[in-house]
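Shown below: start_33.txt, with compact mmCIF, C-alpha atoms.
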# COMPACT_ATOMS: atom_id res chain seq x y z
CA ILE A 6 25.95 79.38 305.31
CA LEU A 7 23.81 78.62 308.36
CA PHE A 8 21.56 76.38 306.28
CA CYS A 9 24.60 74.71 304.74
CA HIS A 10 25.98 73.99 308.20
CA PHE A 11 22.98 71.83 309.06
CA ARG A 12 22.12 70.30 305.72
CA LEU A 13 25.38 69.68 303.85
CA ASN A 14 28.45 67.72 304.87
CA PHE A 15 31.12 70.42 305.03
CA SER A 16 34.60 69.91 306.41
CA LYS A 17 34.55 73.51 307.75
CA ILE A 18 31.59 73.49 310.16
CA LEU A 19 31.54 77.11 311.37
CA TRP A 20 31.20 80.44 309.59
CA THR A 21 34.83 81.49 309.92
CA GLY A 22 36.12 78.35 308.28
CA ARG A 23 33.45 78.45 305.61
CA ILE A 24 34.18 82.04 304.59
CA SER A 25 37.95 81.45 304.63
CA GLU A 26 37.49 78.90 301.85
CA ARG A 27 35.92 81.48 299.54
CA TYR A 28 36.93 85.00 300.53
CA ILE A 29 40.08 86.42 298.95
CA LYS A 30 41.19 89.78 300.33
CA ASN A 31 43.62 91.61 298.06
CA THR A 32 44.83 94.21 300.54
CA PRO A 33 48.44 95.37 301.01
CA THR A 34 50.56 93.43 303.47
CA GLN A 35 50.81 95.19 306.81
CA LYS A 36 54.18 96.34 308.05
CA VAL A 37 54.96 95.45 311.65
CA GLY A 38 57.45 97.57 313.53
CA TYR A 39 59.06 97.09 316.94
CA ILE A 40 60.25 99.64 319.44
CA LYS A 41 63.20 99.18 321.75
CA PRO A 42 62.12 97.05 324.75
CA ILE A 43 62.08 98.62 328.21
CA THR A 44 63.63 96.23 330.72
CA LEU A 45 61.61 97.45 333.68
CA PRO A 46 58.31 96.38 335.29
CA PRO A 47 55.57 97.31 332.79
CA THR A 48 53.17 98.62 335.45
CA ARG A 49 55.54 101.31 336.73
CA THR A 50 54.11 104.78 336.16
CA ASP A 51 57.25 106.15 334.48
CA VAL A 52 57.41 103.11 332.16
CA VAL A 53 53.76 103.43 331.14
CA ARG A 54 54.21 107.16 330.54
CA GLU A 55 57.23 106.48 328.32
CA THR A 56 55.23 104.02 326.21
CA MET A 57 52.53 106.67 325.79
CA ILE A 58 55.09 109.23 324.65
CA GLN A 59 56.55 106.75 322.17
CA SER A 60 53.03 106.05 320.90
CA GLN A 61 52.52 109.75 320.23
CA LYS A 62 55.78 109.84 318.27
CA ILE A 63 54.63 106.88 316.18
CA SER A 64 51.32 108.59 315.39
CA VAL A 65 53.23 111.68 314.18
CA GLU A 66 55.48 109.51 311.98
CA CYS A 67 52.40 107.84 310.48
CA GLY A 68 50.72 111.18 309.88
CA SER A 69 47.83 110.38 312.19
CA LYS A 70 46.25 112.75 314.71
CA TYR A 71 45.23 109.91 317.04
CA ILE A 72 46.58 106.50 317.93
CA THR A 73 45.15 103.42 319.62
CA VAL A 74 47.32 101.73 322.24
CA THR A 75 46.43 98.29 323.59
CA TYR A 76 47.43 97.52 327.16
CA ASP A 77 46.90 94.67 329.56
CA LEU A 78 44.30 95.48 332.24
CA ALA A 79 46.83 96.30 334.98
CA ILE A 80 48.79 98.62 332.67
CA ALA A 81 45.67 100.18 331.16
CA LYS A 82 44.55 101.35 334.61
CA VAL A 83 47.83 103.22 335.07
CA ALA A 84 47.65 104.67 331.55
CA LYS A 85 44.11 105.96 332.10
CA GLN A 86 45.19 107.53 335.38
CA ILE A 87 48.11 109.31 333.67
CA GLN A 88 45.80 110.43 330.88
CA CYS A 89 43.36 111.98 333.37
CA GLU A 90 46.05 113.69 335.44
CA GLU A 91 47.89 115.19 332.46
CA GLN A 92 45.02 116.36 330.29
CA PRO A 93 45.10 117.38 327.48
CA PHE A 94 48.67 116.20 326.80
CA PHE A 95 47.68 112.56 326.14
CA ASP A 96 44.24 113.20 324.62
CA SER A 97 45.48 111.95 321.26
CA ILE A 98 45.84 108.42 322.69
CA PHE A 99 42.94 105.99 322.86
CA VAL A 100 43.74 103.49 325.62
CA MET A 101 42.24 100.13 324.75
CA PHE A 102 42.05 96.94 326.79
CA GLY A 103 43.56 93.81 325.32
CA GLY A 104 41.44 91.40 323.32
CA PHE A 105 41.35 88.88 326.17
CA HIS A 106 39.80 91.29 328.67
CA VAL A 107 37.38 92.67 326.08
CA GLU A 108 36.16 89.15 325.29
CA GLN A 109 35.94 88.30 328.98
CA ASN A 110 33.67 91.30 329.61
CA VAL A 111 31.52 90.40 326.61
CA TYR A 112 31.09 86.83 327.86
CA SER A 113 30.23 88.10 331.33
CA SER A 114 27.51 90.33 329.85
CA ILE A 115 26.11 87.46 327.79
CA GLY A 116 26.16 85.25 330.90
CA LYS A 117 24.00 87.78 332.76
CA ILE A 118 21.50 87.72 329.91
CA ILE A 119 20.98 83.93 329.89
CA GLU A 120 21.34 83.35 333.63
CA GLY A 121 18.08 81.97 335.02
CA CYS A 122 16.39 81.61 331.61
CA GLY A 123 16.93 77.88 331.10
CA GLY A 124 19.98 78.17 328.86
CA PRO A 125 22.48 76.99 331.52
CA TYR A 126 20.17 74.05 332.27
CA ILE A 127 20.21 73.06 328.60
CA LEU A 128 24.02 73.19 328.57
CA SER A 129 24.39 71.06 331.69
CA GLU A 130 21.76 68.50 330.62
CA SER A 131 23.39 68.14 327.20
CA SER A 132 26.79 67.61 328.89
CA ALA A 133 28.21 70.65 327.13
CA ILE A 134 29.48 71.86 330.50
CA ALA A 135 29.50 70.45 334.03
CA THR A 136 27.00 71.89 336.52
CA GLY A 137 29.81 72.93 338.87
CA SER A 138 31.44 74.98 336.12
CA LEU A 139 28.31 76.99 335.27
CA PRO A 140 28.94 79.90 337.72
CA LYS A 141 32.40 80.60 336.27
CA PHE A 142 31.08 80.15 332.74
CA LEU A 143 28.29 82.69 333.29
CA LYS A 144 30.77 85.20 334.73
CA GLY A 145 33.06 84.85 331.72
CA LYS A 146 35.90 83.38 333.78
CA MET A 147 36.38 80.35 331.51
CA HIS A 148 37.59 82.02 328.34
CA TYR A 149 38.02 79.07 325.98
CA ARG A 150 34.85 77.33 327.14
CA CYS A 151 32.87 80.55 326.76
CA ARG A 152 34.22 81.07 323.28
CA ARG A 153 33.32 77.56 322.18
CA ILE A 154 30.04 77.01 324.05
CA HIS A 155 28.44 80.34 323.19
CA THR A 156 29.25 79.70 319.53
CA LEU A 157 27.72 76.21 319.63
CA LEU A 158 24.65 77.34 321.60
CA SER A 159 24.08 80.15 319.11
CA VAL A 160 24.41 77.74 316.18
CA ALA A 161 21.93 75.35 317.85
CA PHE A 162 19.26 78.04 318.28
CA HIS A 163 19.91 79.36 314.78
CA GLY A 164 19.31 75.81 313.54
CA LEU A 165 15.98 75.49 315.35
CA HIS A 166 14.95 78.86 313.99
CA MET A 167 15.97 77.83 310.47
CA GLN A 168 14.01 74.58 310.72
CA GLN A 169 10.85 76.46 311.72
CA PHE A 170 11.37 78.89 308.85
CA ILE A 171 11.63 76.03 306.34
CA LEU A 172 8.49 74.35 307.72
CA GLU A 173 6.49 77.57 307.42
CA THR A 174 7.85 78.93 304.14
CA PHE A 175 9.87 76.51 301.98
CA GLU A 176 8.72 73.02 302.91
CA ASN A 177 7.48 72.23 299.40
CA SER A 178 10.64 73.50 297.66
CA TYR A 179 13.16 71.93 300.05
CA HIS A 180 14.84 69.69 297.45
CA GLU A 181 15.15 72.57 294.99
CA ILE A 182 16.99 74.63 297.63
CA MET A 183 19.25 71.70 298.48
CA ASN A 184 20.25 71.28 294.83
CA ALA A 185 20.99 75.00 294.54
CA LEU A 186 23.12 74.87 297.69
CA GLU A 187 25.11 71.93 296.41
CA GLU A 188 25.79 73.80 293.16
CA TRP A 189 26.95 76.87 295.13
CA ASN A 190 29.15 74.64 297.30
CA HIS A 191 30.99 73.29 294.26
CA LEU A 192 31.61 76.79 292.88
CA LYS A 193 33.80 77.71 295.88
CA GLN A 194 32.59 81.31 295.74
CA LEU A 195 31.27 83.55 298.49
CA GLU A 196 28.90 85.48 296.20
CA ILE A 197 25.47 83.90 295.57
CA LYS A 198 23.83 84.48 292.16
CA ASN A 199 21.24 81.69 292.12
CA ALA A 200 17.71 83.18 292.08
CA THR A 201 16.28 80.45 294.32
CA LEU A 202 18.92 80.98 297.00
CA LEU A 203 18.56 84.77 296.82
CA LYS A 204 14.82 84.44 297.36
CA PHE A 205 15.45 82.01 300.22
CA ILE A 206 17.84 84.46 301.92
CA ASP A 207 15.49 87.44 301.48
CA GLN A 208 12.56 85.50 302.95
CA TYR A 209 14.68 84.33 305.88
CA LYS A 210 15.72 87.90 306.68
CA ILE A 211 12.05 88.90 306.87
CA PHE A 212 11.27 85.87 309.04
CA LYS A 213 14.20 86.66 311.35
CA ASP A 214 13.16 90.31 311.70
CA LYS A 215 9.66 89.19 312.71
CA THR A 216 11.13 86.88 315.33
CA LEU A 217 13.37 89.63 316.73
CA ALA A 218 10.34 91.96 316.87
CA GLY A 219 8.42 89.39 318.96
CA LYS A 220 5.79 88.68 316.28
CA LYS A 221 6.38 84.91 316.48
CA CYS A 222 6.76 84.28 320.21
CA LYS A 223 8.54 85.85 323.18
CA THR A 224 10.78 82.83 323.75
CA GLY A 225 11.95 82.91 320.15
CA GLN A 226 12.51 86.65 320.41
CA PHE A 227 14.68 86.24 323.51
CA TRP A 228 16.90 83.53 322.04
CA MET A 229 17.31 85.25 318.69
CA GLN A 230 18.39 88.38 320.56
CA TYR A 231 20.89 86.20 322.42
CA CYS A 232 22.14 84.78 319.11
CA LYS A 233 22.51 88.27 317.68
CA ILE A 234 24.74 89.26 320.62
CA ALA A 235 26.69 85.99 320.70
CA ASP A 236 27.32 86.21 316.95
CA LEU A 237 29.35 89.37 317.51
CA TYR A 238 32.26 87.07 318.37
CA LEU A 239 32.10 85.65 314.85
CA LEU A 240 32.68 89.13 313.45
CA LEU A 241 35.86 89.75 315.46
Rewritten as structure tokens:
Amino acid sequence: ILFCHFRLNFSKILWTGRISERYIKNTPTQKVGYIKPITLPPTRTDVVRETMIQSQKISVECGSKYITVTYDLAIAKVAKQIQCEEQPFFDSIFVMFGGFHVEQNVYSSIGKIIEGCGGPYILSESSAIATGSLPKFLKGKMHYRCRRIHTLLSVAFHGLHMQQFILETFENSYHEIMNALEEWNHLKQLEIKNATLLKFIDQYKIFKDKTLAGKKCKTGQFWMQYCKIADLYLLL
């Protein structure tokens, strides 16, 4: 799919859109239930405790020993405090931060990795982000920009890595690979059965592992490690 992104004219340019065209998941439809709303400030200790008790009741009804409860950051702090003070009564509850705060922490960690390595300079020089916005971007404070820019930066470095791989390994059979990719594109299937493409993928995995191990160069190793971390967002 990475190679397709750079070499074929697809309407869906990123992995999520590409896979959504082909992947059919025949799983049962989830049932969503709602509890009676509590018309009080959500950060009050008694309110948070009540939500935790209701969560335990739900886990019993579902026949589960444990249950995961997602709270906003301010509420999660209170829930964790209650959980510590009343052990082991609420040990069956796993208090989880909301997706927004989880992503924000991930972006902040990624920002610390690329800070001072030249990556922010590339982004500012390519006009992907203004120089004045870089500090907030590196700290994960700009959620939507982080989500978009880290994805694009990862794709860019993946592309450079792919180009080097083709030059070293498949330069003479480039057109054969292109024809095989076009055939796979028309099939609208996620599974690949073409022998040429399977060989191409296997060889690229070996090449990528060598890069991650530092056998190519240290700069390539660093940026492929960054891509590996940044790509975690694509799996969410």
### Nearest residue to Glu108 (chain A) from the set A:Ile40, A:Gly145, A:Ile211, A:Thr224 (distances using all atoms listed in the file)
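Using all atoms listed in the file, the shortest distance to Glu108 (chain A) belongs to A:Gly145.
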### Query
With all atoms listed in the file as the atoms that count, which of A:Ile118, A:Leu202, A:Ile127, A:Ile80 lies nearest to Tyr231 (chain A)?
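Under the stated criterion, the closest residue is A:Ile118.
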### Query
Taking into account only C-alpha atoms, which residue in the set A:Ile98, A:Ile171, A:Cys89, A:Leu45 is nearest to Met57 (chain A)?
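Closest candidate: A:Ile98.
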### Distance criterion (all atoms listed in the file): nearest to Ala161 (chain A) out of A:Trp228, A:Tyr149, A:Tyr209, A:Phe102
A:Trp228
### Message
For Leu139 (chain A), find every residue with an atom within 10 Å (counting only C-alpha atoms), except residues of its own chain fewer than 5 positions away, and show them as an NGL selection string.
### Response
:A and (116 or 120 or 125-126 or 128-129 or 134 or 144-145 or 147)
#### Entry: Neighbour list for Gln61 (chain A) as number ranges by chain, cut-off 8 Å, all atoms listed in the file, skip fewer than 6 positions in-chain
A: 71-72, 97-98
Export, as a compact mmCIF listing (two decimals), keeping the file's coordinate frame, the selected residues with C-alpha atoms.
# COMPACT_ATOMS: atom_id res chain seq x y z
CA TYR A 71 45.23 109.91 317.04
CA ILE A 72 46.58 106.50 317.93
CA SER A 97 45.48 111.95 321.26
CA ILE A 98 45.84 108.42 322.69
